[in-house]
>>> print(open('coords_12.cif').read())   # mmCIF, N, CA and C atoms
data_entry
#
loop_
_atom_site.label_atom_id
_atom_site.label_comp_id
_atom_site.auth_asym_id
_atom_site.auth_seq_id
_atom_site.Cartn_x
_atom_site.Cartn_y
_atom_site.Cartn_z
N MET A 314 69.20 125.48 113.13
CA MET A 314 69.10 126.07 114.44
C MET A 314 70.22 127.09 114.62
N ASP A 315 69.90 128.28 115.09
CA ASP A 315 70.88 129.34 115.28
C ASP A 315 71.71 129.08 116.53
N LYS A 316 73.00 129.31 116.38
CA LYS A 316 73.89 129.20 117.53
C LYS A 316 73.77 130.47 118.35
N PRO A 317 73.81 130.34 119.68
CA PRO A 317 73.77 131.57 120.48
C PRO A 317 75.04 132.38 120.26
N LYS A 318 74.86 133.66 120.15
CA LYS A 318 76.00 134.54 119.92
C LYS A 318 76.75 134.75 121.23
N THR A 319 78.06 134.67 121.13
CA THR A 319 78.87 135.00 122.29
C THR A 319 79.12 136.50 122.26
N PRO A 320 79.00 137.14 123.40
CA PRO A 320 79.18 138.60 123.40
C PRO A 320 80.62 138.96 123.07
N GLU A 321 80.77 140.01 122.29
CA GLU A 321 82.09 140.52 121.94
C GLU A 321 82.70 141.18 123.17
N PRO A 322 84.01 141.03 123.35
CA PRO A 322 84.61 141.71 124.49
C PRO A 322 84.51 143.22 124.34
N VAL A 323 84.36 143.88 125.45
CA VAL A 323 84.28 145.33 125.46
C VAL A 323 85.64 145.87 125.01
N PRO A 324 85.67 146.81 124.07
CA PRO A 324 86.96 147.29 123.58
C PRO A 324 87.81 147.97 124.65
N GLU A 325 87.19 148.62 125.61
CA GLU A 325 87.95 149.24 126.69
C GLU A 325 87.06 149.52 127.89
N LEU A 326 87.68 149.53 129.05
CA LEU A 326 86.99 149.87 130.29
C LEU A 326 87.83 150.93 130.99
N ARG A 327 87.18 151.96 131.49
CA ARG A 327 87.87 153.04 132.21
C ARG A 327 87.14 153.33 133.50
N TRP A 328 87.90 153.59 134.55
CA TRP A 328 87.31 153.99 135.82
C TRP A 328 88.35 154.72 136.66
N THR A 329 87.85 155.47 137.63
CA THR A 329 88.71 156.22 138.55
C THR A 329 88.40 155.79 139.97
N VAL A 330 89.45 155.64 140.76
CA VAL A 330 89.30 155.26 142.17
C VAL A 330 89.90 156.38 143.01
N HIS A 331 89.12 156.86 143.97
CA HIS A 331 89.57 157.92 144.89
C HIS A 331 89.13 157.53 146.30
N PRO A 332 89.95 156.72 147.00
CA PRO A 332 89.56 156.22 148.32
C PRO A 332 89.20 157.30 149.33
N LEU A 333 89.83 158.46 149.26
CA LEU A 333 89.52 159.54 150.20
C LEU A 333 88.03 159.87 150.17
N LEU A 334 87.43 159.84 148.98
CA LEU A 334 86.02 160.18 148.84
C LEU A 334 85.11 158.96 149.01
N GLU A 335 85.67 157.77 148.84
CA GLU A 335 84.85 156.56 148.84
C GLU A 335 84.83 155.84 150.19
N GLU A 336 85.87 156.00 150.99
CA GLU A 336 85.95 155.31 152.29
C GLU A 336 85.18 156.10 153.34
N PRO A 337 84.82 155.44 154.45
CA PRO A 337 84.11 156.15 155.52
C PRO A 337 84.96 157.29 156.09
N PRO A 338 84.33 158.40 156.44
CA PRO A 338 85.08 159.55 156.99
C PRO A 338 85.89 159.18 158.24
N ALA A 339 85.41 158.23 159.04
CA ALA A 339 86.15 157.84 160.24
C ALA A 339 87.51 157.23 159.88
N LYS A 340 87.56 156.47 158.82
CA LYS A 340 88.81 155.87 158.38
C LYS A 340 89.79 156.95 157.94
N THR A 341 89.31 157.92 157.20
CA THR A 341 90.16 159.02 156.75
C THR A 341 90.64 159.84 157.94
N GLY A 342 89.74 160.11 158.86
CA GLY A 342 90.11 160.87 160.06
C GLY A 342 91.18 160.16 160.87
N LEU A 343 91.03 158.85 161.03
CA LEU A 343 92.02 158.08 161.77
C LEU A 343 93.38 158.11 161.06
N LEU A 344 93.38 157.99 159.76
CA LEU A 344 94.63 158.05 158.99
C LEU A 344 95.31 159.40 159.19
N ILE A 345 94.56 160.48 159.12
CA ILE A 345 95.13 161.82 159.30
C ILE A 345 95.66 161.99 160.72
N LEU A 346 94.93 161.47 161.69
CA LEU A 346 95.39 161.55 163.08
C LEU A 346 96.70 160.77 163.28
N VAL A 347 96.82 159.62 162.67
CA VAL A 347 98.05 158.83 162.77
C VAL A 347 99.22 159.59 162.16
N ILE A 348 99.01 160.16 160.98
CA ILE A 348 100.08 160.92 160.32
C ILE A 348 100.49 162.12 161.18
N LEU A 349 99.51 162.87 161.67
CA LEU A 349 99.83 164.03 162.51
C LEU A 349 100.48 163.60 163.82
N GLY A 350 99.96 162.56 164.44
CA GLY A 350 100.52 162.08 165.70
C GLY A 350 101.97 161.65 165.57
N LEU A 351 102.26 160.86 164.53
CA LEU A 351 103.64 160.43 164.32
C LEU A 351 104.55 161.61 164.01
N SER A 352 104.07 162.54 163.24
CA SER A 352 104.88 163.71 162.89
C SER A 352 105.17 164.57 164.11
N ILE A 353 104.19 164.76 164.95
CA ILE A 353 104.39 165.53 166.19
C ILE A 353 105.36 164.80 167.11
N LEU A 354 105.18 163.49 167.23
CA LEU A 354 106.07 162.69 168.07
C LEU A 354 107.52 162.77 167.58
N ILE A 355 107.72 162.70 166.29
CA ILE A 355 109.07 162.80 165.72
C ILE A 355 109.66 164.19 165.98
N ALA A 356 108.85 165.23 165.81
CA ALA A 356 109.34 166.59 166.06
C ALA A 356 109.73 166.77 167.51
N ILE A 357 108.96 166.22 168.43
CA ILE A 357 109.25 166.34 169.86
C ILE A 357 110.49 165.52 170.23
N GLU A 358 110.53 164.27 169.77
CA GLU A 358 111.64 163.38 170.13
C GLU A 358 112.98 163.88 169.62
N PHE A 359 113.01 164.40 168.41
CA PHE A 359 114.26 164.90 167.86
C PHE A 359 114.52 166.36 168.21
N GLY A 360 113.50 167.04 168.67
CA GLY A 360 113.67 168.44 169.04
C GLY A 360 113.84 169.37 167.85
N VAL A 361 113.45 168.90 166.68
CA VAL A 361 113.59 169.70 165.46
C VAL A 361 112.24 169.71 164.74
N PRO A 362 111.53 170.84 164.76
CA PRO A 362 110.22 170.89 164.10
C PRO A 362 110.27 170.53 162.62
N ALA A 363 111.37 170.81 161.96
CA ALA A 363 111.49 170.49 160.53
C ALA A 363 111.36 168.98 160.30
N TYR A 364 111.84 168.18 161.23
CA TYR A 364 111.70 166.73 161.10
C TYR A 364 110.23 166.31 161.15
N GLY A 365 109.46 167.01 161.96
CA GLY A 365 108.03 166.74 162.03
C GLY A 365 107.34 167.05 160.72
N PHE A 366 107.68 168.20 160.13
CA PHE A 366 107.10 168.57 158.84
C PHE A 366 107.54 167.60 157.74
N LEU A 367 108.83 167.23 157.78
CA LEU A 367 109.34 166.30 156.78
C LEU A 367 108.65 164.94 156.89
N SER A 368 108.48 164.45 158.12
CA SER A 368 107.80 163.16 158.29
C SER A 368 106.34 163.25 157.85
N ALA A 369 105.68 164.36 158.12
CA ALA A 369 104.29 164.53 157.68
C ALA A 369 104.21 164.51 156.16
N ALA A 370 105.17 165.18 155.51
CA ALA A 370 105.17 165.22 154.04
C ALA A 370 105.44 163.83 153.48
N LEU A 371 106.40 163.11 154.04
CA LEU A 371 106.73 161.78 153.53
C LEU A 371 105.59 160.78 153.76
N LEU A 372 104.97 160.83 154.93
CA LEU A 372 103.85 159.92 155.20
C LEU A 372 102.66 160.23 154.30
N THR A 373 102.40 161.51 154.08
CA THR A 373 101.29 161.89 153.19
C THR A 373 101.59 161.46 151.76
N ALA A 374 102.84 161.65 151.31
CA ALA A 374 103.22 161.24 149.96
C ALA A 374 103.10 159.72 149.80
N SER A 375 103.46 158.98 150.84
CA SER A 375 103.37 157.53 150.74
C SER A 375 101.92 157.05 150.67
N MET A 376 101.01 157.87 151.11
CA MET A 376 99.58 157.54 151.08
C MET A 376 98.88 158.26 149.93
N SER A 377 99.63 158.67 148.91
CA SER A 377 99.05 159.46 147.82
C SER A 377 97.95 158.69 147.08
N ARG A 378 98.04 157.38 146.99
CA ARG A 378 96.98 156.61 146.30
C ARG A 378 95.68 156.63 147.09
N TYR A 379 95.75 156.95 148.36
CA TYR A 379 94.53 157.10 149.17
C TYR A 379 93.98 158.52 149.03
N PHE A 380 94.85 159.50 149.09
CA PHE A 380 94.42 160.90 149.10
C PHE A 380 94.08 161.46 147.72
N LEU A 381 94.69 160.92 146.67
CA LEU A 381 94.49 161.44 145.32
C LEU A 381 93.96 160.35 144.39
N PRO A 382 93.21 160.72 143.35
CA PRO A 382 92.61 159.72 142.47
C PRO A 382 93.63 158.99 141.60
N THR A 383 93.29 157.75 141.28
CA THR A 383 94.05 156.94 140.34
C THR A 383 93.10 156.55 139.22
N ARG A 384 93.55 156.70 137.98
CA ARG A 384 92.73 156.37 136.82
C ARG A 384 93.24 155.09 136.19
N TYR A 385 92.31 154.21 135.86
CA TYR A 385 92.63 152.92 135.24
C TYR A 385 91.94 152.83 133.89
N ALA A 386 92.60 152.16 132.95
CA ALA A 386 91.99 151.87 131.65
C ALA A 386 92.46 150.50 131.20
N LEU A 387 91.52 149.64 130.89
CA LEU A 387 91.83 148.35 130.29
C LEU A 387 91.52 148.50 128.81
N LEU A 388 92.56 148.53 128.01
CA LEU A 388 92.43 148.75 126.58
C LEU A 388 92.70 147.45 125.83
N GLU A 389 92.51 147.47 124.55
CA GLU A 389 92.64 146.25 123.75
C GLU A 389 94.04 145.64 123.85
N ARG A 390 95.07 146.47 123.80
CA ARG A 390 96.44 145.95 123.78
C ARG A 390 97.19 146.08 125.10
N HIS A 391 96.72 146.96 125.99
CA HIS A 391 97.46 147.18 127.22
C HIS A 391 96.57 147.71 128.35
N ILE A 392 97.19 147.78 129.51
CA ILE A 392 96.56 148.34 130.71
C ILE A 392 97.23 149.68 130.96
N LEU A 393 96.45 150.67 131.32
CA LEU A 393 96.99 152.00 131.60
C LEU A 393 96.60 152.40 133.01
N ILE A 394 97.59 152.81 133.81
CA ILE A 394 97.34 153.27 135.17
C ILE A 394 97.97 154.66 135.29
N ALA A 395 97.16 155.65 135.66
CA ALA A 395 97.65 157.03 135.76
C ALA A 395 97.41 157.55 137.17
N HIS A 396 98.48 158.09 137.76
CA HIS A 396 98.39 158.64 139.11
C HIS A 396 99.43 159.75 139.25
N LEU A 397 99.01 160.90 139.71
CA LEU A 397 99.89 162.05 139.92
C LEU A 397 100.69 162.43 138.67
N GLY A 398 100.08 162.33 137.53
CA GLY A 398 100.74 162.69 136.30
C GLY A 398 101.63 161.62 135.71
N ALA A 399 101.88 160.56 136.45
CA ALA A 399 102.68 159.45 135.93
C ALA A 399 101.75 158.42 135.32
N ARG A 400 102.16 157.90 134.16
CA ARG A 400 101.35 156.91 133.46
C ARG A 400 102.17 155.62 133.33
N ARG A 401 101.54 154.52 133.69
CA ARG A 401 102.19 153.22 133.55
C ARG A 401 101.39 152.41 132.55
N THR A 402 102.08 151.92 131.52
CA THR A 402 101.44 151.12 130.49
C THR A 402 102.00 149.70 130.56
N ILE A 403 101.12 148.72 130.65
CA ILE A 403 101.52 147.32 130.73
C ILE A 403 100.82 146.56 129.61
N PRO A 404 101.58 145.99 128.68
CA PRO A 404 100.94 145.21 127.61
C PRO A 404 100.32 143.93 128.17
N TRP A 405 99.18 143.55 127.63
CA TRP A 405 98.52 142.31 128.07
C TRP A 405 99.43 141.11 127.86
N SER A 406 100.31 141.18 126.89
CA SER A 406 101.20 140.05 126.59
C SER A 406 102.18 139.78 127.74
N ARG A 407 102.40 140.75 128.61
CA ARG A 407 103.30 140.54 129.75
C ARG A 407 102.62 139.89 130.94
N ILE A 408 101.32 139.89 130.99
CA ILE A 408 100.59 139.38 132.15
C ILE A 408 100.44 137.87 132.04
N ARG A 409 100.92 137.15 133.06
CA ARG A 409 100.85 135.69 133.08
C ARG A 409 99.86 135.15 134.10
N ARG A 410 99.55 135.96 135.11
CA ARG A 410 98.70 135.46 136.20
C ARG A 410 97.92 136.62 136.81
N HIS A 411 96.73 136.29 137.29
CA HIS A 411 95.95 137.29 138.03
C HIS A 411 95.44 136.66 139.31
N THR A 412 95.31 137.49 140.33
CA THR A 412 94.80 137.06 141.62
C THR A 412 93.71 138.03 142.04
N VAL A 413 92.53 137.50 142.30
CA VAL A 413 91.41 138.33 142.72
C VAL A 413 91.40 138.39 144.25
N VAL A 414 91.34 139.59 144.79
CA VAL A 414 91.25 139.82 146.23
C VAL A 414 90.02 140.68 146.49
N PRO A 415 89.61 140.85 147.74
CA PRO A 415 88.35 141.57 147.99
C PRO A 415 88.24 142.97 147.38
N ASP A 416 89.33 143.73 147.34
CA ASP A 416 89.21 145.10 146.83
C ASP A 416 89.87 145.32 145.47
N GLY A 417 90.28 144.24 144.80
CA GLY A 417 90.88 144.44 143.49
C GLY A 417 91.41 143.17 142.84
N VAL A 418 92.22 143.39 141.82
CA VAL A 418 92.84 142.29 141.06
C VAL A 418 94.32 142.60 140.94
N PHE A 419 95.15 141.62 141.30
CA PHE A 419 96.58 141.77 141.14
C PHE A 419 97.00 141.06 139.87
N LEU A 420 97.74 141.76 139.01
CA LEU A 420 98.22 141.20 137.75
C LEU A 420 99.73 141.05 137.84
N SER A 421 100.23 139.87 137.45
CA SER A 421 101.65 139.58 137.58
C SER A 421 102.23 139.09 136.26
N PRO A 422 103.50 139.44 136.00
CA PRO A 422 104.17 138.91 134.81
C PRO A 422 104.72 137.50 135.04
N PHE A 423 104.59 136.98 136.24
CA PHE A 423 105.09 135.65 136.57
C PHE A 423 103.95 134.64 136.61
N ALA A 424 104.20 133.44 136.09
CA ALA A 424 103.16 132.41 136.04
C ALA A 424 102.81 131.89 137.43
N ARG A 425 103.77 131.90 138.34
CA ARG A 425 103.54 131.45 139.72
C ARG A 425 103.94 132.57 140.67
N PRO A 426 103.46 132.54 141.91
CA PRO A 426 103.86 133.60 142.85
C PRO A 426 105.39 133.72 142.92
N HIS A 427 105.85 134.95 142.94
CA HIS A 427 107.28 135.23 142.87
C HIS A 427 107.60 136.36 143.85
N ARG A 428 108.81 136.37 144.36
CA ARG A 428 109.19 137.40 145.32
C ARG A 428 109.25 138.80 144.70
N LEU A 429 109.33 138.88 143.39
CA LEU A 429 109.35 140.18 142.72
C LEU A 429 107.96 140.68 142.33
N ASP A 430 106.92 139.93 142.68
CA ASP A 430 105.55 140.34 142.35
C ASP A 430 105.23 141.78 142.74
N PRO A 431 105.56 142.22 143.97
CA PRO A 431 105.20 143.59 144.34
C PRO A 431 105.87 144.67 143.47
N PHE A 432 107.00 144.32 142.86
CA PHE A 432 107.75 145.30 142.08
C PHE A 432 107.43 145.24 140.59
N ARG A 433 107.05 144.08 140.10
CA ARG A 433 106.80 143.91 138.67
C ARG A 433 105.32 143.85 138.32
N GLY A 434 104.50 143.50 139.29
CA GLY A 434 103.06 143.39 139.02
C GLY A 434 102.35 144.72 139.20
N CYS A 435 101.05 144.69 139.01
CA CYS A 435 100.24 145.89 139.24
C CYS A 435 98.92 145.49 139.88
N PHE A 436 98.37 146.40 140.64
CA PHE A 436 97.12 146.15 141.35
C PHE A 436 96.05 147.07 140.78
N LEU A 437 94.94 146.46 140.37
CA LEU A 437 93.80 147.23 139.89
C LEU A 437 92.78 147.30 141.02
N ARG A 438 92.62 148.46 141.61
CA ARG A 438 91.64 148.63 142.68
C ARG A 438 90.27 148.79 142.04
N LEU A 439 89.30 148.04 142.55
CA LEU A 439 87.97 148.03 141.95
C LEU A 439 87.00 148.90 142.74
N ARG A 440 85.94 149.28 142.08
CA ARG A 440 84.85 150.02 142.71
C ARG A 440 83.59 149.19 142.55
N ASP A 441 82.55 149.79 142.03
CA ASP A 441 81.28 149.09 141.81
C ASP A 441 81.29 148.28 140.51
N ASN A 442 82.44 148.21 139.86
CA ASN A 442 82.58 147.53 138.58
C ASN A 442 83.30 146.19 138.71
N ARG A 443 83.27 145.60 139.87
CA ARG A 443 84.04 144.40 140.18
C ARG A 443 83.88 143.27 139.17
N GLU A 444 82.66 142.82 138.96
CA GLU A 444 82.42 141.67 138.07
C GLU A 444 82.81 141.99 136.63
N GLU A 445 82.55 143.20 136.20
CA GLU A 445 82.87 143.61 134.83
C GLU A 445 84.39 143.58 134.61
N ILE A 446 85.15 144.11 135.56
CA ILE A 446 86.61 144.15 135.43
C ILE A 446 87.21 142.76 135.51
N ILE A 447 86.76 141.96 136.46
CA ILE A 447 87.28 140.59 136.60
C ILE A 447 87.00 139.79 135.34
N GLY A 448 85.80 139.91 134.80
CA GLY A 448 85.46 139.22 133.56
C GLY A 448 86.33 139.67 132.40
N TYR A 449 86.57 140.97 132.32
CA TYR A 449 87.41 141.52 131.25
C TYR A 449 88.83 140.97 131.35
N VAL A 450 89.40 141.00 132.55
CA VAL A 450 90.76 140.49 132.76
C VAL A 450 90.84 139.02 132.39
N GLN A 451 89.89 138.23 132.86
CA GLN A 451 89.90 136.79 132.56
C GLN A 451 89.78 136.53 131.06
N THR A 452 88.96 137.31 130.38
CA THR A 452 88.81 137.15 128.93
C THR A 452 90.11 137.50 128.22
N ARG A 453 90.73 138.61 128.58
CA ARG A 453 91.99 139.02 127.96
C ARG A 453 93.09 137.97 128.17
N LEU A 454 93.18 137.47 129.40
CA LEU A 454 94.23 136.50 129.69
C LEU A 454 93.95 135.15 129.02
N ALA A 455 92.70 134.79 128.89
CA ALA A 455 92.34 133.54 128.19
C ALA A 455 92.66 133.66 126.71
N ASP A 456 92.42 134.85 126.14
CA ASP A 456 92.73 135.09 124.72
C ASP A 456 94.23 135.02 124.46
N ALA A 457 95.01 135.46 125.46
CA ALA A 457 96.47 135.50 125.28
C ALA A 457 97.12 134.15 125.56
N ALA A 458 96.40 133.23 126.20
CA ALA A 458 96.99 131.92 126.54
C ALA A 458 97.29 131.13 125.27
N PRO A 459 98.42 130.36 125.29
CA PRO A 459 98.78 129.60 124.09
C PRO A 459 97.83 128.45 123.82
#
>>> encode(input="coords_12.cif", output="structure tokens")
Amino acid sequence: MDKPKTPEPVPELRWTVHPLLEEPPAKTGLLILVILGLSILIAIEFGVPAYGFLSAALLTASMSRYFLPTRYALLERHILIAHLGARRTIPWSRIRRHTVVPDGVFLSPFARPHRLDPFRGCFLRLRDNREEIIGYVQTRLADAAP
């Protein structure tokens, strides 16, 4: 009797997330209104228009993952995250834990929740590839387990 074949893991998965184009226009409009409103308020309160421009630039830069695309790649040996020309490479061997949330997967180098998670971990934002990515991550982490 033939044994059922287990599917081979996919050698790599790549996708791009661009929330500005994927989220409802009302959400984007509200975000832009908040940024402009706060910047105008700062310019008026301090009486220096340059402060308004500076706050608009800083708020927009802080929301760069919303306004500009982020590229993700799950490769055989590591995870690659590229945004604004910066590339972050994380070897699978460093990942000890994953947490699935509604819009993505958080990967952490710590086996249990840790206060440094936001600084050492990484978040993979998902699109229509949710089940495929979660399955890939679980397979990689199961393969790496002792």
>>> resolve_selection(input="coords_12.cif", expression="the PyMOL selection byres ((chain A and resi 416) around 6)", output="MDAnalysis selection string")
chainID A and resid 414:415 417:418 437:439
>>> atom_distance(input="coords_12.cif", atom1="CA of Thr412 in chain A", atom2="CA of Thr341 in chain A")
27.1 Å
>>> select_by_dssp(input="coords_12.cif", residues="chain A", states="helix (DSSP H, G or I)", output="number ranges by chain")
A: 332-335, 338-359, 362-375, 377-380, 405-407, 430-433, 443-457
>>> atom_distance(input="coords_12.cif", atom1="atom C of Glu358 in chain A", atom2="atom C of Ser375 in chain A")
23.0 Å
>>> resolve_selection(input="coords_12.cif", expression="the PyMOL selection byres ((chain A and resi 381-389) around 5)", output="list in words")
Pro324, Glu325, Leu326, Arg327, Trp328, Thr329, Val330, His331, Ser377, Arg378, Tyr379, Phe380, Arg390, His391, Ile392, Leu393, Ile394, Ala395 and His396 of chain A
>>> atom_distance(input="coords_12.cif", atom1="CA of Ala455 in chain A", atom2="CA of Arg400 in chain A")
25.6 Å
